[in-house]
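Asks: Handing you this structure, nothing more for now.
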Amino acid sequence: RPTREEALERLATLAGAATPTAFAALGAADADGWLGEVGVASNNAAREDLSRAQFEKRLTRPYFHAKPLDDDQLRCWRAYLDWEEDEGNADRTERLYERCLVTCAAYPEFWCRFALWKGGPSGLGILERGIAFLPHAPDVRLLRATALEAAGDVDAARAVYEDLADRRCPGLLEAILAHARFERRRGSREDVLAIYRAALPKLAPASEAKALVAGALARFQVQVLRDADAARTTLEAAIREAPAIRELWVAYYALEAAATDAGATRRVSALFDAALGENAALAVEDQRALWDLYVEHVEDLGPDVHHLLKVRDAHDAWLRKHPVPV
């Protein structure tokens, strides 16, 4: 083990000092403290280098290529960024993001992630770069709209949504929902209704996307407009068109379960009878989930024990016909 004087001599040489006397003049106590800090910093650097090595050795492509990256490379970049963010060194994190975007420029998730981490005007700048490189990626444009709204530029945010709906991605579920939710936050109730109603005819009949838009419209009608009848009409029309989509039945159940009028129990029973009857269009696994929901509802909110026993008997009969696969 070197003496203090030897250590100071070596440090002076490494630091490029003219003489070691500047270090020696610190005094024994100060020199010991300084050397201790150097040791801690050295150990931390070694630990960081070792931690980075586990990521660096897995990254095999340091350049951009049109060929997609394999899943292991993408997982490694995500984990590496997670680790660097947790380390808390903003400069190193930003440099790693820039490295990542050389390799992963074709992946919107990394542009969006970098922008969210950076935030503010710099984050918007990153999204602009991402849009320039990936002009057809709606994820980057949707996040830009959110960032513009957060920055107070409501008109610019609205223009992004309208551009997506009218020109770039007509019928894109995420864009429809994001646009409607934006207008709801702005208090534009009529605009929300117009967005949903304009979107529904453009979506494929009986598609999951159309069902989800109908469900969102019904939720807006009942929770924001307080118009349960309008929501009921929306869901009934959607179910007639797409009776095999479980989410519509669940949305319809949520509407009727929240009702407090005298006919609510009857409507819930009629709903489940239609969803689970002999001519049910739902897949068996979806029916199984709805049966569980029905039994739970009756146990929690049913009118009396006789109704509960009746539903349990019907459920048992259904289970005998459709046993759970082993």
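The chains in the structure tokens are called A, B, ... from first to last as shown; in each chain the residues are counted from 1, and the ligands are counted from 1 in the order shown.
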Trp249 of chain A: which residues within 12 Å, counting only C-alpha atoms, same-chain residues fewer than 2 positions away excluded, as a PyMOL selection string?

Replies: chain A and resi 211-212+214-215+232+235-240+242-247+251-257+268+270-276+280-282+286-287+289-291+293-294

Asks: Can I get the selected residues back with C-alpha atoms, as a PDB file, in the first residue's frame?

Replies:
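Saved file again.pdb follows:
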```pdb
ATOM      1  CA  ALA A 211     -67.562  -0.471 -30.296  1.00  0.00           C
ATOM      2  CA  LEU A 212     -64.998   1.394 -28.207  1.00  0.00           C
ATOM      3  CA  ALA A 214     -69.642   3.969 -29.015  1.00  0.00           C
ATOM      4  CA  GLY A 215     -68.728   3.053 -25.440  1.00  0.00           C
ATOM      5  CA  ARG A 232     -78.771   3.721 -23.429  1.00  0.00           C
ATOM      6  CA  LEU A 235     -75.236   1.270 -26.439  1.00  0.00           C
ATOM      7  CA  GLU A 236     -78.310  -0.584 -27.639  1.00  0.00           C
ATOM      8  CA  ALA A 237     -77.576   0.437 -31.230  1.00  0.00           C
ATOM      9  CA  ALA A 238     -73.948  -0.642 -30.871  1.00  0.00           C
ATOM     10  CA  ILE A 239     -74.918  -4.012 -29.373  1.00  0.00           C
ATOM     11  CA  ARG A 240     -77.403  -4.697 -32.158  1.00  0.00           C
ATOM     12  CA  ALA A 242     -71.853  -5.995 -32.691  1.00  0.00           C
ATOM     13  CA  PRO A 243     -73.344  -8.369 -30.089  1.00  0.00           C
ATOM     14  CA  ALA A 244     -70.126 -10.403 -29.880  1.00  0.00           C
ATOM     15  CA  ILE A 245     -68.067  -7.596 -28.304  1.00  0.00           C
ATOM     16  CA  ARG A 246     -67.972  -8.051 -24.543  1.00  0.00           C
ATOM     17  CA  GLU A 247     -66.910  -4.472 -23.773  1.00  0.00           C
ATOM     18  CA  ALA A 251     -70.524  -0.741 -20.595  1.00  0.00           C
ATOM     19  CA  TYR A 252     -74.268  -1.349 -20.782  1.00  0.00           C
ATOM     20  CA  TYR A 253     -74.153  -3.128 -17.433  1.00  0.00           C
ATOM     21  CA  ALA A 254     -72.225  -0.229 -15.844  1.00  0.00           C
ATOM     22  CA  LEU A 255     -74.922   2.165 -17.056  1.00  0.00           C
ATOM     23  CA  GLU A 256     -77.830   0.126 -15.686  1.00  0.00           C
ATOM     24  CA  ALA A 257     -76.074  -0.852 -12.460  1.00  0.00           C
ATOM     25  CA  VAL A 268     -80.103  -5.471 -15.512  1.00  0.00           C
ATOM     26  CA  ALA A 270     -82.940  -8.342 -19.186  1.00  0.00           C
ATOM     27  CA  LEU A 271     -79.452  -7.239 -20.190  1.00  0.00           C
ATOM     28  CA  PHE A 272     -77.805 -10.401 -18.884  1.00  0.00           C
ATOM     29  CA  ASP A 273     -80.572 -12.595 -20.292  1.00  0.00           C
ATOM     30  CA  ALA A 274     -79.874 -11.137 -23.734  1.00  0.00           C
ATOM     31  CA  ALA A 275     -76.105 -11.466 -23.371  1.00  0.00           C
ATOM     32  CA  LEU A 276     -76.115 -15.002 -21.937  1.00  0.00           C
ATOM     33  CA  ALA A 280     -75.739 -15.533 -27.239  1.00  0.00           C
ATOM     34  CA  ALA A 281     -73.237 -14.203 -29.754  1.00  0.00           C
ATOM     35  CA  LEU A 282     -70.442 -13.884 -27.208  1.00  0.00           C
ATOM     36  CA  ASP A 286     -66.660 -13.777 -22.588  1.00  0.00           C
ATOM     37  CA  GLN A 287     -69.878 -15.368 -21.372  1.00  0.00           C
ATOM     38  CA  ALA A 289     -66.748 -13.358 -17.466  1.00  0.00           C
ATOM     39  CA  LEU A 290     -70.244 -11.889 -17.746  1.00  0.00           C
ATOM     40  CA  TRP A 291     -71.719 -14.679 -15.622  1.00  0.00           C
ATOM     41  CA  LEU A 293     -70.202 -10.194 -13.162  1.00  0.00           C
ATOM     42  CA  TYR A 294     -73.923 -11.059 -13.019  1.00  0.00           C
TER      43      TYR A 294
END
```

Asks: Write down as an MDAnalysis selection string the residues of segment 139-319 of chain A whose backbone DSSP state falls under helix (DSSP H, G or I).

Replies: chainID A and resid 139:150 154:168 173:185 189:202 208:223 228:241 246:257 264:276 284:301 305:319

Asks: Rank nothing, just name the residue among A:Glu149, A:Asp292, A:Asp163, A:Asp72 nearest to Trp318 of chain A, using only C-alpha atoms.

Replies: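 Of all the options, A:Asp292 lies closest to Trp318 of chain A.
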
Asks: Which residue is closest to Ala259 of chain A? Choose from A:Leu164, A:Ala209, A:Val222, A:Ala106 and count only C-alpha atoms.

Replies: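 Of the candidates, the smallest distance to Ala259 of chain A is held by A:Val222.
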
Asks: To one decimal place, how far is atom CA of Ser188 of chain A from atom CA of Leu203 of chain A in Å?

Replies: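 Distance between the two atoms: 23.2 Å.
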
Asks: Residues at most 12 Å from Lys57 of chain A, counting only C-alpha atoms, excluding those fewer than 5 positions away in the same chain, as a list in words?

Replies: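 So, after excluding close chain neighbours, the residues are Asp49, Leu50, Ser51, Arg52, Pro62, Asp72, Gln73, Cys76, Trp77 and Tyr80 of chain A.
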
Asks: Do you know which residues are at most 10 Å from Gly123 of chain A counting only C-alpha atoms, after dropping those on the same chain fewer than 3 positions away, and could you put them as a list in words?

Replies: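 Neighbouring residues, sequence-local ones excluded: Trp111, Cys112, Arg113, Phe114, Ala115, Leu116, Trp117, Lys118, Gly119, Gly120, Ile126, Leu127, Glu128, Arg129, Arg144 and Ala147 of chain A.
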
Asks: Identify, on the basis of only C-alpha atoms, every residue whose closest approach to Val298 of chain A does not exceed 8 Å; exclude the query and any residue fewer than 3 positions from it along the same chain; express the result as a ChimeraX atom specification.

Replies: /A:294-295,301-303,307-308,311

Asks: Next, the residues of the selection above should be written as a short mmCIF file (atom, residue, chain, number, x, y, z; two decimals), in the first residue's frame with all heavy atoms.

Replies:
```
data_model
loop_
_atom_site.label_atom_id
_atom_site.label_comp_id
_atom_site.auth_asym_id
_atom_site.auth_seq_id
_atom_site.Cartn_x
_atom_site.Cartn_y
_atom_site.Cartn_z
N TYR A 294 -72.50 -11.00 -13.35
CA TYR A 294 -73.92 -11.06 -13.02
C TYR A 294 -74.13 -11.59 -11.60
O TYR A 294 -74.86 -10.99 -10.80
CB TYR A 294 -74.63 -11.95 -14.04
CG TYR A 294 -76.15 -11.93 -13.98
CD1 TYR A 294 -76.83 -10.93 -13.30
CD2 TYR A 294 -76.88 -12.92 -14.63
CE1 TYR A 294 -78.22 -10.92 -13.27
CE2 TYR A 294 -78.26 -12.92 -14.61
CZ TYR A 294 -78.93 -11.91 -13.92
OH TYR A 294 -80.31 -11.91 -13.89
N VAL A 295 -73.48 -12.68 -11.28
CA VAL A 295 -73.62 -13.26 -9.94
C VAL A 295 -73.14 -12.27 -8.88
O VAL A 295 -73.79 -12.08 -7.84
CB VAL A 295 -72.84 -14.59 -9.85
CG1 VAL A 295 -72.83 -15.09 -8.40
CG2 VAL A 295 -73.47 -15.63 -10.77
N LEU A 301 -76.21 -6.36 -5.02
CA LEU A 301 -77.29 -5.38 -5.20
C LEU A 301 -78.64 -6.01 -5.53
O LEU A 301 -79.60 -5.28 -5.79
CB LEU A 301 -76.90 -4.42 -6.34
CG LEU A 301 -75.58 -3.65 -6.15
CD1 LEU A 301 -75.21 -2.91 -7.42
CD2 LEU A 301 -75.69 -2.67 -4.99
N GLY A 302 -78.72 -7.33 -5.55
CA GLY A 302 -79.97 -7.99 -5.90
C GLY A 302 -81.10 -7.67 -4.92
O GLY A 302 -80.86 -7.34 -3.76
N PRO A 303 -82.36 -7.81 -5.39
CA PRO A 303 -83.49 -7.40 -4.57
C PRO A 303 -83.79 -8.33 -3.39
O PRO A 303 -84.23 -7.88 -2.35
CB PRO A 303 -84.66 -7.37 -5.57
CG PRO A 303 -84.25 -8.34 -6.63
CD PRO A 303 -82.77 -8.23 -6.74
N HIS A 307 -84.19 -14.15 -5.80
CA HIS A 307 -83.57 -13.77 -7.07
C HIS A 307 -82.13 -14.26 -7.13
O HIS A 307 -81.67 -14.77 -8.17
CB HIS A 307 -83.63 -12.25 -7.23
CG HIS A 307 -83.15 -11.77 -8.56
ND1 HIS A 307 -83.72 -12.15 -9.75
CD2 HIS A 307 -82.11 -10.93 -8.90
CE1 HIS A 307 -83.09 -11.58 -10.76
NE2 HIS A 307 -82.10 -10.84 -10.27
N LEU A 308 -81.42 -14.18 -6.01
CA LEU A 308 -80.04 -14.66 -5.95
C LEU A 308 -79.97 -16.15 -6.25
O LEU A 308 -79.14 -16.61 -7.04
CB LEU A 308 -79.45 -14.36 -4.57
CG LEU A 308 -78.09 -14.99 -4.27
CD1 LEU A 308 -77.03 -14.50 -5.25
CD2 LEU A 308 -77.66 -14.68 -2.83
N VAL A 311 -80.53 -16.91 -9.96
CA VAL A 311 -79.37 -16.61 -10.80
C VAL A 311 -78.27 -17.64 -10.58
O VAL A 311 -77.62 -18.10 -11.53
CB VAL A 311 -78.86 -15.19 -10.51
CG1 VAL A 311 -77.53 -14.94 -11.21
CG2 VAL A 311 -79.89 -14.17 -10.95
#
```
